[in-house]
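Remarks on the structure that follows.
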There are 2 protein chains.
Amino acid sequence: MRTPHGEIPTPVFMPVGTQATVKTVSPHELEAMGARIILSNTYHLYLRPGHELVKRAGGLHIFMAWNGGVLTDSGGFQVFSLGPLRRITEEGVEFRSHIDGSKHMFTPERVMEIEMALGADIAMCFDECAPYPSTWEYAKASAELTARWAERCLKAHKSPTQALFGIVQGSTYADLRQASARDIASLGFPGFGIGGLSVGEPKDVMYEMLDVTVPALPENKPRYLMGVGSPDALLEGVARGIDMFDCVLPTRIARNGTVFTRTGRIIVRDAAFAEDMRPLDPGCDCYACTYFTRAYIRHLIKSGEVLGIRLTSLHNLRFLIRMMEEMRESILSGSFEEYRKETQHFWYNN
Amino acid sequence: MRTPHGEIPTPVFMPVGTQATVKTVSPHELEAMGARIILSNTYHLYLRPGHELVKRAGGLHIFMAWNGGVLTDSGGFQVFSLGPLRRITEEGVEFRSHIDGSKHMFTPERVMEIEMALGADIAMCFDECAPYPSTWEYAKASAELTARWAERCLKAHKSPTQALFGIVQGSTYADLRQASARDIASLGFPGFGIGGLSVGEPKDVMYEMLDVTVPALPENKPRYLMGVGSPDALLEGVARGIDMFDCVLPTRIARNGTVFTRTGRIIVRDAAFAEDMRPLDPGCDCYACTYFTRAYIRHLIKSGEVLGIRLTSLHNLRFLIRMMEEMRESILSGSFEEYRKETQHFWYNN
């Protein structure tokens, strides 16, 4: 993908920087670990510090001193997750802030205005993310609403530099997914999110939905599986033609002292690692593994020291980014299926 | 000063790394900001992760991946701060852990064993730090006990690479300070801590004590004012012949969102800075000031994001280290008194 902030090789994992920062990590550390694009959250930045402030600061890139790519979600997922705090109509969604309870309204037009102010390289359409499970009827109405909103987004989005991606919905129904993919694809977006997955459904169901959705999307445009994910799901997603992923998993588990390794996840805060002088994951090239032992990182986490969760976060992010690099290399050399077979057990153990 | 981990230009400020990490900061960030030596805490490391583990890891430098100098305090200050949890005898101090209430005994011999295991470049003698205020009688007995313990430390300390510094006590009594300085100096240590100050007494009293203590110590050996401090006290300390300082102040106030600036301390989390697109301290060369605005750092701190307190910590540490660099330059060029007069208001406003 070409963006105003450089070429982004795919498949790519996007670290999540909800509040204009990837938790515990500096932008220069992201650059050093090979991150090329991050995700940030429209809903959160709209509420705090406010999109107008970010705009006055020169946009998200300058505000957070990050020179790589940025994608902003549309706030749809966050707003729908508010449950009783929100009300959906044809016009948009009325909701109350999780911070101070104040009342707000998101419409497709309003969200485009906010995303343009934030100034990411890629904006996402405002969509309705149906919960899991949903009835076929609810999922159909929801996907159709999402398609009408997509048209409104397209009309309201005016930026010479920012790309706008459409979002496919349809819950766990193959026919609805295919119809949604066709509807959204027909609008001619330069890229497509696949939303409403990884929301509680079994992984097999998610893979089935990818199997029917991806072929209905243009081959030459990026496909983004939203909110995924775990190492096994990255592998399976790439195998099914997904180009982009984002997930809080690596940084969230890192803050609990859990790290990915080539031999499976470990909880480094466990007593078992008190005397372990090996790096988190022998063979890993991240900052944490280059300089520090499990024993030291365990000590930091047990002592409540910030450096501990910085190191586990750096490691987990680098682990996934390196995984994507490896998959890309295997695709380029025509050996992805071998790579997948050979390494499957690593990713399924994480 | 020459140490096994390089030459350390003085006067020098030592960031505090209580639990084998300077809070929120990585060792490579310390290096980048010009830190040459840090302080770590014997009491804390003895309890967690244990000095034997640190020794097995190869010593503190290797354990925490820090290639500069390290000084360990003796745990005296921490142990005496435990109040009802400790009992002092001629032999040593019995105390209970603040973590799990377990019973422990620190004697001069035991503390030397622990400090040798930790493997810092500079170890401090086990001393009694009299509280403020203390009666003349208590302070006299305490300084004399400290002198007897210093002899025992000297006898027990056997390391070809680690220097052992004596500690002067005597509370706020000029005659006791002078006597203690003479007693401790007569033992021939390669450097001297001045302890028992910055424990609640007025700053003028501290300066008076320095005025009578420093001249009683050898001119050609480093003098270390323990637990100090604030920018004004660094300036006044250097003016009185102090070579080394340590203090948690810069990192502690940073975690509350307070930063030093050339025009006085500011609380960057205040609403006044919500739209402020200047760096924390215009003219500062630290990482935070090079890349980020007050508005962004305020946003991070208001949002509870770790990067916020990382940036304020980096800034405050660099501010003090740069101050020491400036003082050193002015001493070398023979213009310290001018520097002191010209910049006094900066340091007194912080």
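Scheme for the structure tokens: letters A, B, ... for chains in order shown; per-chain residue numbers from 1; ligand numbers from 1 in order shown.
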Quick one: residues within 8 Å of A:Gly237, only C-alpha atoms, excluding same-chain residues fewer than 5 positions away - as a count of residues only?
4
Could you list, as a PyMOL selection string, the residues of chain A having an atom within 9 Å of chain B when counting only C-alpha atoms?
chain A and resi 19-26+48-49+53-54+56-57+62-65+274-275+277+291-293+295-296+299-300+302-303+305-308+310
Generate the output file for the selected residues, N, CA and C atoms, as a JSON list (two decimals), in the first residue's frame.
```json
[["chain", "number", "residue", "atom", "x", "y", "z"],
["A", 19, "GLN", "N", -5.37, 5.96, 22.37],
["A", 19, "GLN", "CA", -5.41, 7.36, 22.79],
["A", 19, "GLN", "C", -4.21, 8.13, 22.23],
["A", 20, "ALA", "N", -3.90, 7.86, 20.95],
["A", 20, "ALA", "CA", -2.77, 8.52, 20.28],
["A", 20, "ALA", "C", -1.43, 8.13, 20.91],
["A", 21, "THR", "N", -1.39, 6.91, 21.43],
["A", 21, "THR", "CA", -0.14, 6.31, 21.91],
["A", 21, "THR", "C", -0.36, 4.81, 22.00],
["A", 22, "VAL", "N", 0.58, 4.04, 21.46],
["A", 22, "VAL", "CA", 0.54, 2.59, 21.66],
["A", 22, "VAL", "C", 1.00, 2.36, 23.09],
["A", 23, "LYS", "N", 0.17, 1.76, 23.89],
["A", 23, "LYS", "CA", 0.38, 1.76, 25.34],
["A", 23, "LYS", "C", 1.80, 1.34, 25.74],
["A", 24, "THR", "N", 2.45, 2.20, 26.50],
["A", 24, "THR", "CA", 3.80, 2.07, 27.11],
["A", 24, "THR", "C", 4.95, 2.31, 26.13],
["A", 25, "VAL", "N", 4.64, 2.43, 24.82],
["A", 25, "VAL", "CA", 5.69, 2.41, 23.78],
["A", 25, "VAL", "C", 5.83, 3.81, 23.16],
["A", 26, "SER", "N", 7.06, 4.21, 22.83],
["A", 26, "SER", "CA", 7.26, 5.50, 22.16],
["A", 26, "SER", "C", 7.20, 5.31, 20.65],
["A", 48, "ARG", "N", -11.49, 12.81, 24.01],
["A", 48, "ARG", "CA", -10.30, 13.31, 24.72],
["A", 48, "ARG", "C", -9.07, 13.02, 23.91],
["A", 49, "PRO", "N", -8.31, 14.00, 23.46],
["A", 49, "PRO", "CA", -8.36, 15.43, 23.79],
["A", 49, "PRO", "C", -9.31, 16.22, 22.91],
["A", 53, "LEU", "N", -8.58, 19.77, 18.69],
["A", 53, "LEU", "CA", -7.24, 20.00, 19.25],
["A", 53, "LEU", "C", -6.19, 19.26, 18.42],
["A", 54, "VAL", "N", -6.49, 18.01, 18.08],
["A", 54, "VAL", "CA", -5.54, 17.23, 17.27],
["A", 54, "VAL", "C", -5.31, 17.94, 15.93],
["A", 56, "ARG", "N", -5.61, 21.18, 15.32],
["A", 56, "ARG", "CA", -4.79, 22.37, 15.55],
["A", 56, "ARG", "C", -3.32, 22.00, 15.77],
["A", 57, "ALA", "N", -3.10, 20.83, 16.32],
["A", 57, "ALA", "CA", -1.72, 20.37, 16.56],
["A", 57, "ALA", "C", -1.03, 19.95, 15.26],
["A", 62, "ILE", "N", 1.63, 14.42, 13.65],
["A", 62, "ILE", "CA", 2.47, 15.43, 14.30],
["A", 62, "ILE", "C", 2.19, 15.44, 15.80],
["A", 63, "PHE", "N", 0.92, 15.35, 16.17],
["A", 63, "PHE", "CA", 0.54, 15.36, 17.60],
["A", 63, "PHE", "C", 1.31, 14.29, 18.37],
["A", 64, "MET", "N", 1.39, 13.08, 17.80],
["A", 64, "MET", "CA", 2.04, 11.99, 18.52],
["A", 64, "MET", "C", 3.45, 11.69, 18.02],
["A", 65, "ALA", "N", 3.98, 12.51, 17.11],
["A", 65, "ALA", "CA", 5.35, 12.37, 16.63],
["A", 65, "ALA", "C", 5.61, 11.00, 16.00],
["A", 274, "ALA", "N", 11.75, -17.07, 37.98],
["A", 274, "ALA", "CA", 12.49, -16.22, 38.93],
["A", 274, "ALA", "C", 14.00, -16.26, 38.68],
["A", 275, "GLU", "N", 14.50, -17.42, 38.27],
["A", 275, "GLU", "CA", 15.95, -17.58, 38.11],
["A", 275, "GLU", "C", 16.33, -17.81, 36.65],
["A", 277, "MET", "N", 17.64, -17.08, 33.30],
["A", 277, "MET", "CA", 18.53, -16.07, 32.73],
["A", 277, "MET", "C", 18.47, -16.02, 31.20],
["A", 291, "TYR", "N", 18.61, -7.43, 25.44],
["A", 291, "TYR", "CA", 19.34, -6.95, 26.61],
["A", 291, "TYR", "C", 18.92, -7.53, 27.96],
["A", 292, "PHE", "N", 17.75, -8.14, 28.06],
["A", 292, "PHE", "CA", 17.23, -8.47, 29.39],
["A", 292, "PHE", "C", 16.82, -9.93, 29.53],
["A", 293, "THR", "N", 16.85, -10.40, 30.77],
["A", 293, "THR", "CA", 16.47, -11.79, 31.05],
["A", 293, "THR", "C", 15.03, -11.88, 31.56],
["A", 295, "ALA", "N", 14.33, -13.37, 34.26],
["A", 295, "ALA", "CA", 14.44, -13.12, 35.71],
["A", 295, "ALA", "C", 14.31, -11.63, 36.00],
["A", 296, "TYR", "N", 14.98, -10.81, 35.19],
["A", 296, "TYR", "CA", 14.93, -9.36, 35.43],
["A", 296, "TYR", "C", 13.54, -8.81, 35.14],
["A", 299, "HIS", "N", 11.19, -9.71, 37.82],
["A", 299, "HIS", "CA", 11.42, -8.83, 38.98],
["A", 299, "HIS", "C", 10.73, -7.49, 38.79],
["A", 300, "LEU", "N", 10.88, -6.90, 37.60],
["A", 300, "LEU", "CA", 10.26, -5.59, 37.34],
["A", 300, "LEU", "C", 8.74, -5.66, 37.47],
["A", 302, "LYS", "N", 6.89, -7.94, 39.05],
["A", 302, "LYS", "CA", 6.51, -8.21, 40.45],
["A", 302, "LYS", "C", 6.63, -6.94, 41.28],
["A", 303, "SER", "N", 7.57, -6.08, 40.93],
["A", 303, "SER", "CA", 7.80, -4.86, 41.71],
["A", 303, "SER", "C", 6.94, -3.69, 41.20],
["A", 305, "GLU", "N", 7.13, -2.17, 38.37],
["A", 305, "GLU", "CA", 7.94, -1.18, 37.65],
["A", 305, "GLU", "C", 7.51, -1.10, 36.18],
["A", 306, "VAL", "N", 7.32, 0.13, 35.70],
["A", 306, "VAL", "CA", 6.86, 0.38, 34.35],
["A", 306, "VAL", "C", 7.75, -0.26, 33.28],
["A", 307, "LEU", "N", 9.05, -0.28, 33.52],
["A", 307, "LEU", "CA", 9.95, -0.85, 32.51],
["A", 307, "LEU", "C", 9.57, -2.30, 32.20],
["A", 308, "GLY", "N", 9.04, -3.02, 33.18],
["A", 308, "GLY", "CA", 8.63, -4.41, 32.96],
["A", 308, "GLY", "C", 7.58, -4.52, 31.86],
["A", 310, "ARG", "N", 6.80, -2.23, 29.72],
["A", 310, "ARG", "CA", 7.36, -1.70, 28.47],
["A", 310, "ARG", "C", 8.04, -2.82, 27.70]]
```
Within stretch 108-173 of chain A, find each residue whose DSSP state, derived from the backbone, is strand (DSSP E), and express the selection as a list in words.
Ile122, Ala123, Met124, Ala163, Leu164, Phe165, Gly166, Ile167 and Val168 of chain A
Which one of A:Pro190, A:His345, A:Glu337, A:Pro218 sits closest to A:Thr261 if you count only C-alpha atoms?
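Of A:Pro190, A:His345, A:Glu337, A:Pro218, the one nearest A:Thr261 is A:His345, counting only C-alpha atoms.
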List as an NGL selection string the protein and nucleic acid residues near stretch 123-129 of chain A, meaning an atom at most 6 Å away when only C-alpha atoms are counted, but skip any in the same chain fewer than 6 places from it.
:A and (71-74 or 76-77 or 108 or 146 or 150 or 164-166 or 196)
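Shell of A:Pro133 at 9 Å, with only C-alpha atoms counted and residues fewer than 2 places along the chain excluded, is Ala130, Pro131, Thr135, Ser171, Thr172, Val199, Gly200 and Glu201 of chain A.
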Please save N, CA and C atoms of the selected residues as a PDB file, in the first residue's frame.
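Final output, saved to part-v5.pdb:
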```pdb
ATOM      1  N   ALA A 130     -22.877  -5.433  14.340  1.00  0.00           N
ATOM      2  CA  ALA A 130     -23.899  -6.250  15.013  1.00  0.00           C
ATOM      3  C   ALA A 130     -23.248  -7.149  16.058  1.00  0.00           C
ATOM      4  N   PRO A 131     -23.899  -7.317  17.194  1.00  0.00           N
ATOM      5  CA  PRO A 131     -23.319  -8.176  18.243  1.00  0.00           C
ATOM      6  C   PRO A 131     -23.381  -9.651  17.846  1.00  0.00           C
ATOM      7  N   THR A 135     -29.685 -12.378  15.180  1.00  0.00           N
ATOM      8  CA  THR A 135     -30.589 -13.126  14.283  1.00  0.00           C
ATOM      9  C   THR A 135     -30.262 -12.731  12.843  1.00  0.00           C
ATOM     10  N   SER A 171     -22.631 -10.262  10.109  1.00  0.00           N
ATOM     11  CA  SER A 171     -22.586 -11.213  11.230  1.00  0.00           C
ATOM     12  C   SER A 171     -22.048 -12.572  10.768  1.00  0.00           C
ATOM     13  N   THR A 172     -22.686 -13.646  11.186  1.00  0.00           N
ATOM     14  CA  THR A 172     -22.144 -14.978  10.914  1.00  0.00           C
ATOM     15  C   THR A 172     -22.937 -15.696   9.818  1.00  0.00           C
ATOM     16  N   VAL A 199     -15.832 -11.091  17.578  1.00  0.00           N
ATOM     17  CA  VAL A 199     -16.667 -10.457  18.606  1.00  0.00           C
ATOM     18  C   VAL A 199     -17.325 -11.504  19.505  1.00  0.00           C
ATOM     19  N   GLY A 200     -16.716 -12.700  19.550  1.00  0.00           N
ATOM     20  CA  GLY A 200     -17.244 -13.721  20.447  1.00  0.00           C
ATOM     21  C   GLY A 200     -17.580 -15.031  19.744  1.00  0.00           C
ATOM     22  N   GLU A 201     -17.635 -15.009  18.405  1.00  0.00           N
ATOM     23  CA  GLU A 201     -17.970 -16.234  17.666  1.00  0.00           C
ATOM     24  C   GLU A 201     -16.771 -17.199  17.671  1.00  0.00           C
TER      25      GLU A 201
END
```
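In terms of minimum interatomic distance to B:Leu320, B:Pro11 ranks closest within B:Pro4, B:Pro11, B:Pro279, B:Gly75, counting only C-alpha atoms.
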Quick one: everything within 10 Å of stretch 100-103 of chain A, counting only C-alpha atoms, minus sequence neighbours fewer than 5 positions away in the same chain. Send it as a PyMOL selection string.
chain A and resi 47+85-86+94-95
Determine, counting only C-alpha atoms, which protein, DNA and RNA residues have an atom within 8 Å of an atom of stretch 203-205 of chain A; residues of the same chain fewer than 3 positions away are not included. Present the result as a list of chain:residue names.
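The contact residues come out as A:Thr172, A:Ser198, A:Glu208, A:Met209, A:Ala233.
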Mind the document's chain letters and residue numbers, and return as a PyMOL selection string the residues of stretch 164-224 of chain A that DSSP labels alpha helix (DSSP H).
chain A and resi 174-186+203-213
Here is a test: counting only C-alpha atoms, which residue of A:Gly195, A:Lys140, A:Gly92, A:Cys153 is nearest to A:Ile167?
A:Gly195
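Going from atom CA of B:Leu187 over to atom CA of B:Met112, you cover 16.3 Å.
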